[in-house]
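**Student:** If you scroll down you'll find the structure; I have some questions about it.
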Amino acid sequence: MSRLILALDVYERNRALEIAECTADYLWAVKVNWPLIIGSGLKIITELKQVTGLPIIADLKLADIPNTNRLIARKVFGAGADYIITHGFTGRDSVKAVMELGETIIVVEMSHPGAKEFIQPATEGLIKMTNELEPFGVIAPATRPERIRYIRSKLKPEIRVITPGVGAQGGKAGEAIRAGADYVIVGRSIYESENPRETARRLFEEVRVWS
């Protein structure tokens with residue numbers, strides 16, 4: 001089974017579908033973010049599922065009051081998303097509003113440098129909440145393998161660790177897996193390459209070596 005997730009951070013529907021279809025053999029899931037949903041509409045989730053047959057992760061990073069999170073999640077799960085990514089810093093009630101509707105992934109730490117300012121200091125509390133709520137998984141940074149290792153050591157074993165930041169941000173897929181990641185997310189390195197399918201294949205092989 002693949003442990004590679006494609007992050008389709010593009011606007012164009014046709015481009016997204018083409019890249020997803022040609023790389024699907026090497027993926028575990030496809031992740032969509034606001035750029036693609038804004039550019040192509042919520043129906044892109046349904047279309048990607050039809051084209052690839054893979055799980056779809058809606059990376060909305062929901063961070064609102066419970067009712068607003070619930071209203072958004074209901075529509076997104078209804079469109080066919082299998083997982084929704086939500087921030088945890090808004091508190092248990094906001095996260096639980098999403099979890100009541102479907103599988104949820106909680107951000108406990110992000111991959112960009114600015115995450116060290118406010119999110120990383122809150123990671124301990126976010127891990128504690130995650131262990132209590134038991135979602136599908138958490139987001140941890142492939143750009144800082146030592147943080148993956150630490151977060152993995154504190155989480156219940158059944159909670160998956162999903163790591164963005166591989167490729168363009170500097171993270172290495174193999175290092176993330178060795179540090180304890182269950183899945184790695186790769187975006188620009190695949191969809192901006194001259195041959196997305198070949199790039200996905202190489203990353204798939206790199207991850208498999210360390211699995």
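We name chains A, B, ... following the order of the structure tokens; residues begin at 1 in each chain, and ligands are numbered from 1 as shown.
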List the spatial neighbours of Ala142 (chain A) as a short mmCIF file (atom, residue, chain, number, x, y, z; two decimals) with C-alpha atoms, in the first residue's frame - criterion: any atom at most 8 Å away, only C-alpha atoms, same-chain residues fewer than 4 positions off excluded.

**Tutor:**
data_model
loop_
_atom_site.label_atom_id
_atom_site.label_comp_id
_atom_site.auth_asym_id
_atom_site.auth_seq_id
_atom_site.Cartn_x
_atom_site.Cartn_y
_atom_site.Cartn_z
CA SER A 111 5.62 22.77 8.34
CA ILE A 148 7.65 14.12 14.00
CA THR A 163 3.45 14.97 7.28
CA PRO A 164 3.40 17.89 4.82
CA GLY A 165 6.44 19.84 3.73
CA VAL A 166 8.19 17.20 1.60
CA GLY A 171 11.42 17.97 3.86
CA LYS A 172 12.59 14.50 2.80
CA ALA A 173 10.09 11.67 2.41
CA GLU A 175 13.43 11.03 6.76
CA ALA A 176 9.78 11.66 7.62
CA VAL A 184 3.86 11.94 3.55
#

**Student:** Can you list, as a ChimeraX atom specification, every residue of chain A that DSSP puts in strand (DSSP E)?

**Tutor:** /A:4-8,29-33,56-62,83-87,103-107,137-139,160-166,183-186

**Student:** Hey, can you spit out that residue selection with N, CA and C atoms as a short mmCIF file (atom, residue, chain, number, x, y, z; two decimals), in the first residue's frame?

**Tutor:**
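Saved result, part_0.cif, follows:
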data_model
loop_
_atom_site.label_atom_id
_atom_site.label_comp_id
_atom_site.auth_asym_id
_atom_site.auth_seq_id
_atom_site.Cartn_x
_atom_site.Cartn_y
_atom_site.Cartn_z
N LEU A 4 1.94 7.67 0.15
CA LEU A 4 2.14 8.97 -0.48
C LEU A 4 0.80 9.65 -0.74
N ILE A 5 0.71 10.91 -0.33
CA ILE A 5 -0.48 11.73 -0.54
C ILE A 5 -0.12 12.87 -1.48
N LEU A 6 -0.90 13.05 -2.53
CA LEU A 6 -0.69 14.16 -3.46
C LEU A 6 -1.49 15.37 -3.00
N ALA A 7 -0.79 16.49 -2.81
CA ALA A 7 -1.45 17.76 -2.49
C ALA A 7 -1.68 18.53 -3.78
N LEU A 8 -2.92 18.64 -4.20
CA LEU A 8 -3.26 19.31 -5.47
C LEU A 8 -3.59 20.78 -5.20
N ALA A 29 -3.78 8.72 -1.22
CA ALA A 29 -4.91 9.65 -1.20
C ALA A 29 -4.54 10.91 -1.97
N VAL A 30 -5.57 11.70 -2.26
CA VAL A 30 -5.38 13.03 -2.85
C VAL A 30 -5.90 14.06 -1.86
N LYS A 31 -5.10 15.11 -1.65
CA LYS A 31 -5.48 16.18 -0.74
C LYS A 31 -5.83 17.43 -1.54
N VAL A 32 -7.00 17.98 -1.27
CA VAL A 32 -7.41 19.23 -1.91
C VAL A 32 -7.43 20.34 -0.86
N ASN A 33 -7.06 21.54 -1.30
CA ASN A 33 -7.01 22.69 -0.41
C ASN A 33 -7.89 23.78 -0.99
N ILE A 56 -10.16 11.04 -0.51
CA ILE A 56 -9.93 12.47 -0.70
C ILE A 56 -9.88 13.15 0.66
N ILE A 57 -8.79 13.89 0.88
CA ILE A 57 -8.61 14.65 2.12
C ILE A 57 -8.89 16.12 1.82
N ALA A 58 -9.84 16.71 2.51
CA ALA A 58 -10.15 18.13 2.36
C ALA A 58 -9.35 18.90 3.40
N ASP A 59 -8.33 19.58 2.92
CA ASP A 59 -7.43 20.31 3.81
C ASP A 59 -7.97 21.73 4.02
N LEU A 60 -9.02 21.83 4.81
CA LEU A 60 -9.66 23.13 5.03
C LEU A 60 -9.08 23.85 6.25
N LYS A 61 -8.38 23.11 7.07
CA LYS A 61 -7.86 23.65 8.34
C LYS A 61 -8.95 24.47 9.05
N LEU A 62 -10.08 23.83 9.26
CA LEU A 62 -11.21 24.50 9.88
C LEU A 62 -10.82 25.05 11.24
N TYR A 83 -11.86 12.61 4.55
CA TYR A 83 -11.23 13.19 5.74
C TYR A 83 -11.26 14.70 5.62
N ILE A 84 -11.37 15.37 6.76
CA ILE A 84 -11.23 16.82 6.80
C ILE A 84 -10.15 17.17 7.81
N ILE A 85 -9.27 18.09 7.41
CA ILE A 85 -8.24 18.58 8.32
C ILE A 85 -8.77 19.81 9.05
N THR A 86 -8.62 19.80 10.36
CA THR A 86 -9.11 20.91 11.18
C THR A 86 -8.03 21.37 12.16
N HIS A 87 -8.02 22.65 12.47
CA HIS A 87 -7.14 23.13 13.52
C HIS A 87 -7.67 22.68 14.88
N GLU A 103 -14.41 11.34 9.40
CA GLU A 103 -13.02 11.18 9.83
C GLU A 103 -12.29 12.52 9.81
N THR A 104 -11.50 12.75 10.86
CA THR A 104 -10.90 14.06 11.06
C THR A 104 -9.40 13.94 11.32
N ILE A 105 -8.66 14.91 10.80
CA ILE A 105 -7.21 15.00 11.03
C ILE A 105 -6.95 16.35 11.69
N ILE A 106 -6.27 16.34 12.82
CA ILE A 106 -6.04 17.56 13.61
C ILE A 106 -4.63 18.09 13.38
N VAL A 107 -4.53 19.38 13.13
CA VAL A 107 -3.22 20.01 13.02
C VAL A 107 -2.64 20.18 14.42
N GLY A 137 -6.06 11.04 12.55
CA GLY A 137 -4.65 11.36 12.57
C GLY A 137 -4.35 12.80 12.89
N VAL A 138 -3.06 13.13 12.81
CA VAL A 138 -2.60 14.50 13.07
C VAL A 138 -1.68 14.95 11.94
N ILE A 139 -1.52 16.25 11.82
CA ILE A 139 -0.55 16.85 10.92
C ILE A 139 0.70 17.23 11.72
N ARG A 160 -2.74 8.17 13.36
CA ARG A 160 -1.76 8.28 12.28
C ARG A 160 -1.09 9.65 12.28
N VAL A 161 0.16 9.66 11.82
CA VAL A 161 0.91 10.90 11.67
C VAL A 161 1.08 11.18 10.17
N ILE A 162 0.59 12.33 9.75
CA ILE A 162 0.59 12.72 8.33
C ILE A 162 1.45 13.96 8.20
N THR A 163 2.42 13.93 7.29
CA THR A 163 3.45 14.97 7.28
C THR A 163 3.51 15.73 5.95
N PRO A 164 3.18 17.02 5.98
CA PRO A 164 3.40 17.89 4.82
C PRO A 164 4.79 18.51 4.87
N GLY A 165 5.17 19.14 3.76
CA GLY A 165 6.44 19.84 3.73
C GLY A 165 7.54 19.10 2.99
N VAL A 166 7.20 17.95 2.37
CA VAL A 166 8.19 17.20 1.60
C VAL A 166 8.37 17.85 0.24
N TYR A 183 2.19 8.72 6.71
CA TYR A 183 1.98 9.17 5.35
C TYR A 183 2.75 10.47 5.13
N VAL A 184 3.21 10.68 3.89
CA VAL A 184 3.86 11.94 3.55
C VAL A 184 3.04 12.64 2.46
N ILE A 185 2.95 13.96 2.58
CA ILE A 185 2.21 14.78 1.62
C ILE A 185 3.21 15.50 0.72
N VAL A 186 3.01 15.39 -0.59
CA VAL A 186 3.87 16.07 -1.55
C VAL A 186 2.99 16.80 -2.56
#

**Student:** List the spatial neighbours of region 152-159 of chain A as a PyMOL selection string - criterion: any atom at most 12 Å away, only C-alpha atoms, same-chain residues fewer than 3 positions off excluded.

**Tutor:** chain A and resi 103-106+108-109+123-141+145-149+162-163+176-183

**Student:** Would you save the residues of that selection, restricted to N, CA and C atoms, as a tab-separated table (two decimals), in the first residue's frame?

**Tutor:**
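Just written: selection_6.tsv:
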chain	number	residue	atom	x	y	z
A	103	GLU	N	-14.41	11.34	9.40
A	103	GLU	CA	-13.02	11.18	9.83
A	103	GLU	C	-12.29	12.52	9.81
A	104	THR	N	-11.50	12.75	10.86
A	104	THR	CA	-10.90	14.06	11.06
A	104	THR	C	-9.40	13.94	11.32
A	105	ILE	N	-8.66	14.91	10.80
A	105	ILE	CA	-7.21	15.00	11.03
A	105	ILE	C	-6.95	16.35	11.69
A	106	ILE	N	-6.27	16.34	12.82
A	106	ILE	CA	-6.04	17.56	13.61
A	106	ILE	C	-4.63	18.09	13.38
A	108	VAL	N	-1.51	19.53	14.67
A	108	VAL	CA	-0.82	19.76	15.95
A	108	VAL	C	0.45	20.57	15.75
A	109	GLU	N	0.95	20.59	14.49
A	109	GLU	CA	2.11	21.44	14.18
A	109	GLU	C	2.21	21.54	12.66
A	123	THR	N	1.73	22.75	21.00
A	123	THR	CA	1.68	21.36	20.55
A	123	THR	C	1.38	20.38	21.68
A	124	GLU	N	1.95	20.61	22.86
A	124	GLU	CA	1.71	19.68	23.97
A	124	GLU	C	0.22	19.56	24.27
A	125	GLY	N	-0.45	20.71	24.36
A	125	GLY	CA	-1.87	20.69	24.64
A	125	GLY	C	-2.67	20.07	23.51
A	126	LEU	N	-2.24	20.30	22.27
A	126	LEU	CA	-2.94	19.72	21.12
A	126	LEU	C	-2.78	18.21	21.08
A	127	ILE	N	-1.60	17.72	21.45
A	127	ILE	CA	-1.39	16.27	21.52
A	127	ILE	C	-2.29	15.66	22.60
A	128	LYS	N	-2.34	16.30	23.75
A	128	LYS	CA	-3.19	15.79	24.84
A	128	LYS	C	-4.65	15.72	24.40
A	129	MET	N	-5.14	16.76	23.74
A	129	MET	CA	-6.51	16.77	23.26
A	129	MET	C	-6.73	15.68	22.21
A	130	THR	N	-5.75	15.52	21.33
A	130	THR	CA	-5.86	14.50	20.28
A	130	THR	C	-5.97	13.11	20.88
A	131	ASN	N	-5.17	12.81	21.88
A	131	ASN	CA	-5.24	11.50	22.52
A	131	ASN	C	-6.59	11.26	23.18
A	132	GLU	N	-7.21	12.32	23.67
A	132	GLU	CA	-8.53	12.19	24.29
A	132	GLU	C	-9.62	11.97	23.24
A	133	LEU	N	-9.52	12.69	22.11
A	133	LEU	CA	-10.57	12.63	21.09
A	133	LEU	C	-10.40	11.46	20.13
A	134	GLU	N	-9.17	11.02	19.93
A	134	GLU	CA	-8.85	9.88	19.05
A	134	GLU	C	-9.36	10.07	17.62
A	135	PRO	N	-8.90	11.09	16.91
A	135	PRO	CA	-9.25	11.24	15.50
A	135	PRO	C	-8.46	10.26	14.65
A	136	PHE	N	-8.68	10.32	13.34
A	136	PHE	CA	-7.90	9.46	12.44
A	136	PHE	C	-6.42	9.75	12.54
A	137	GLY	N	-6.06	11.04	12.55
A	137	GLY	CA	-4.65	11.36	12.57
A	137	GLY	C	-4.35	12.80	12.89
A	138	VAL	N	-3.06	13.13	12.81
A	138	VAL	CA	-2.60	14.50	13.07
A	138	VAL	C	-1.68	14.95	11.94
A	139	ILE	N	-1.52	16.25	11.82
A	139	ILE	CA	-0.55	16.85	10.92
A	139	ILE	C	0.70	17.23	11.72
A	140	ALA	N	1.87	16.76	11.24
A	140	ALA	CA	3.16	17.10	11.86
A	140	ALA	C	4.14	17.42	10.74
A	141	PRO	N	5.19	18.23	11.00
A	141	PRO	CA	6.00	18.79	9.91
A	141	PRO	C	7.13	17.89	9.41
A	145	PRO	N	11.99	16.68	11.16
A	145	PRO	CA	11.81	15.27	11.54
A	145	PRO	C	11.86	15.02	13.04
A	146	GLU	N	12.67	15.83	13.74
A	146	GLU	CA	12.74	15.64	15.20
A	146	GLU	C	11.41	15.91	15.87
A	147	ARG	N	10.59	16.78	15.26
A	147	ARG	CA	9.25	17.06	15.80
A	147	ARG	C	8.30	15.91	15.47
A	148	ILE	N	8.45	15.32	14.31
A	148	ILE	CA	7.65	14.12	14.00
A	148	ILE	C	7.93	13.05	15.05
A	149	ARG	N	9.21	12.83	15.31
A	149	ARG	CA	9.61	11.79	16.26
A	149	ARG	C	9.02	12.06	17.65
A	162	ILE	N	0.59	12.33	9.75
A	162	ILE	CA	0.59	12.72	8.33
A	162	ILE	C	1.45	13.96	8.20
A	163	THR	N	2.42	13.93	7.29
A	163	THR	CA	3.45	14.97	7.28
A	163	THR	C	3.51	15.73	5.95
A	176	ALA	N	11.07	11.56	6.93
A	176	ALA	CA	9.78	11.66	7.62
A	176	ALA	C	9.28	10.28	8.04
A	177	ILE	N	9.40	9.30	7.14
A	177	ILE	CA	8.96	7.94	7.46
A	177	ILE	C	9.83	7.35	8.57
A	178	ARG	N	11.13	7.55	8.50
A	178	ARG	CA	12.02	7.03	9.54
A	178	ARG	C	11.72	7.66	10.90
A	179	ALA	N	11.27	8.90	10.87
A	179	ALA	CA	10.97	9.60	12.13
A	179	ALA	C	9.64	9.17	12.73
A	180	GLY	N	8.82	8.44	11.96
A	180	GLY	CA	7.57	7.94	12.52
A	180	GLY	C	6.32	8.33	11.78
A	181	ALA	N	6.46	8.99	10.63
A	181	ALA	CA	5.28	9.37	9.85
A	181	ALA	C	4.64	8.13	9.23
A	182	ASP	N	3.31	8.15	9.17
A	182	ASP	CA	2.58	7.09	8.47
A	182	ASP	C	2.38	7.42	7.00
A	183	TYR	N	2.19	8.72	6.71
A	183	TYR	CA	1.98	9.17	5.35
A	183	TYR	C	2.75	10.47	5.13

**Student:** Give the answer as one residue: which of A:Asp64, A:Glu12, A:Glu18, A:Glu206 has the shortest atom-to-atom distance to Gly88 (chain A), using only C-alpha atoms?

**Tutor:**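 Distance minimum relative to Gly88 (chain A) lands on A:Asp64.
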
**Student:** Can you pull out every residue within 6 Å of region 70-79 of chain A, counting only C-alpha atoms, but drop anything in the same chain fewer than 2 positions away, and send it as number ranges by chain?

**Tutor:** A: 46, 66-68, 81, 97-98

**Student:** Extract the full set of alpha helix (DSSP H) residues from region 8-165 of chain A according to DSSP on the backbone, and format it as a PyMOL selection string.

**Tutor:** chain A and resi 13-23+34-40+43-52+66-78+92-99+115-118+123-133+145-154

**Student:** I want to know what sits within 12 Å of Gly39 (chain A), based on only C-alpha atoms, with residues of the same chain fewer than 2 positions away left out; could you give that as a list in words?

**Tutor:**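 That gives Leu8, Asp9, Val10, Tyr11, Glu12, Arg13, Asn14, Arg15, Ala16, Val32, Asn33, Trp34, Pro35, Leu36, Ile37, Gly41, Leu42, Lys43 and Ile44 of chain A.
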
**Student:** Need to verify the contact set: Arg208 (chain A), 9 Å, only C-alpha atoms, exclusion of same-chain residues closer than 6 positions in sequence. Can you return it as a VMD selection string?

**Tutor:** chain A and resid 1 to 3 174

**Student:** Can you spit out the residues from that selection as a compact mmCIF listing (two decimals), in the first residue's frame, using N, CA and C atoms?

**Tutor:**
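Generated output (again_11.txt):
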# COMPACT_ATOMS: atom_id res chain seq x y z
N MET A 1 0.83 -1.20 0.00
CA MET A 1 0.00 0.00 0.00
C MET A 1 0.87 1.25 0.00
N SER A 2 0.47 2.24 -0.75
CA SER A 2 1.22 3.49 -0.80
C SER A 2 1.05 4.29 0.48
N ARG A 3 2.05 5.10 0.78
CA ARG A 3 1.98 6.03 1.92
C ARG A 3 2.19 7.46 1.45
N GLY A 174 11.84 10.07 2.95
CA GLY A 174 12.43 8.98 3.72
C GLY A 174 12.69 9.36 5.16

**Student:** What is the CA of Thr23 (chain A) to CA of Pro196 (chain A) distance in Å?

**Tutor:**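 Separation between CA of Thr23 (chain A) and CA of Pro196 (chain A): 6.6 Å.
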
**Student:** Could you state the separation of CA of Lys116 (chain A) and CA of Gln169 (chain A) in Å, given to one decimal place?

**Tutor:**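 Atom-to-atom, CA of Lys116 (chain A) and CA of Gln169 (chain A) are spaced 15.0 Å apart.
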
**Student:** What gap, in Å, lies between CA of Met110 (chain A) and CA of Tyr150 (chain A)?

**Tutor:** 14.0 Å
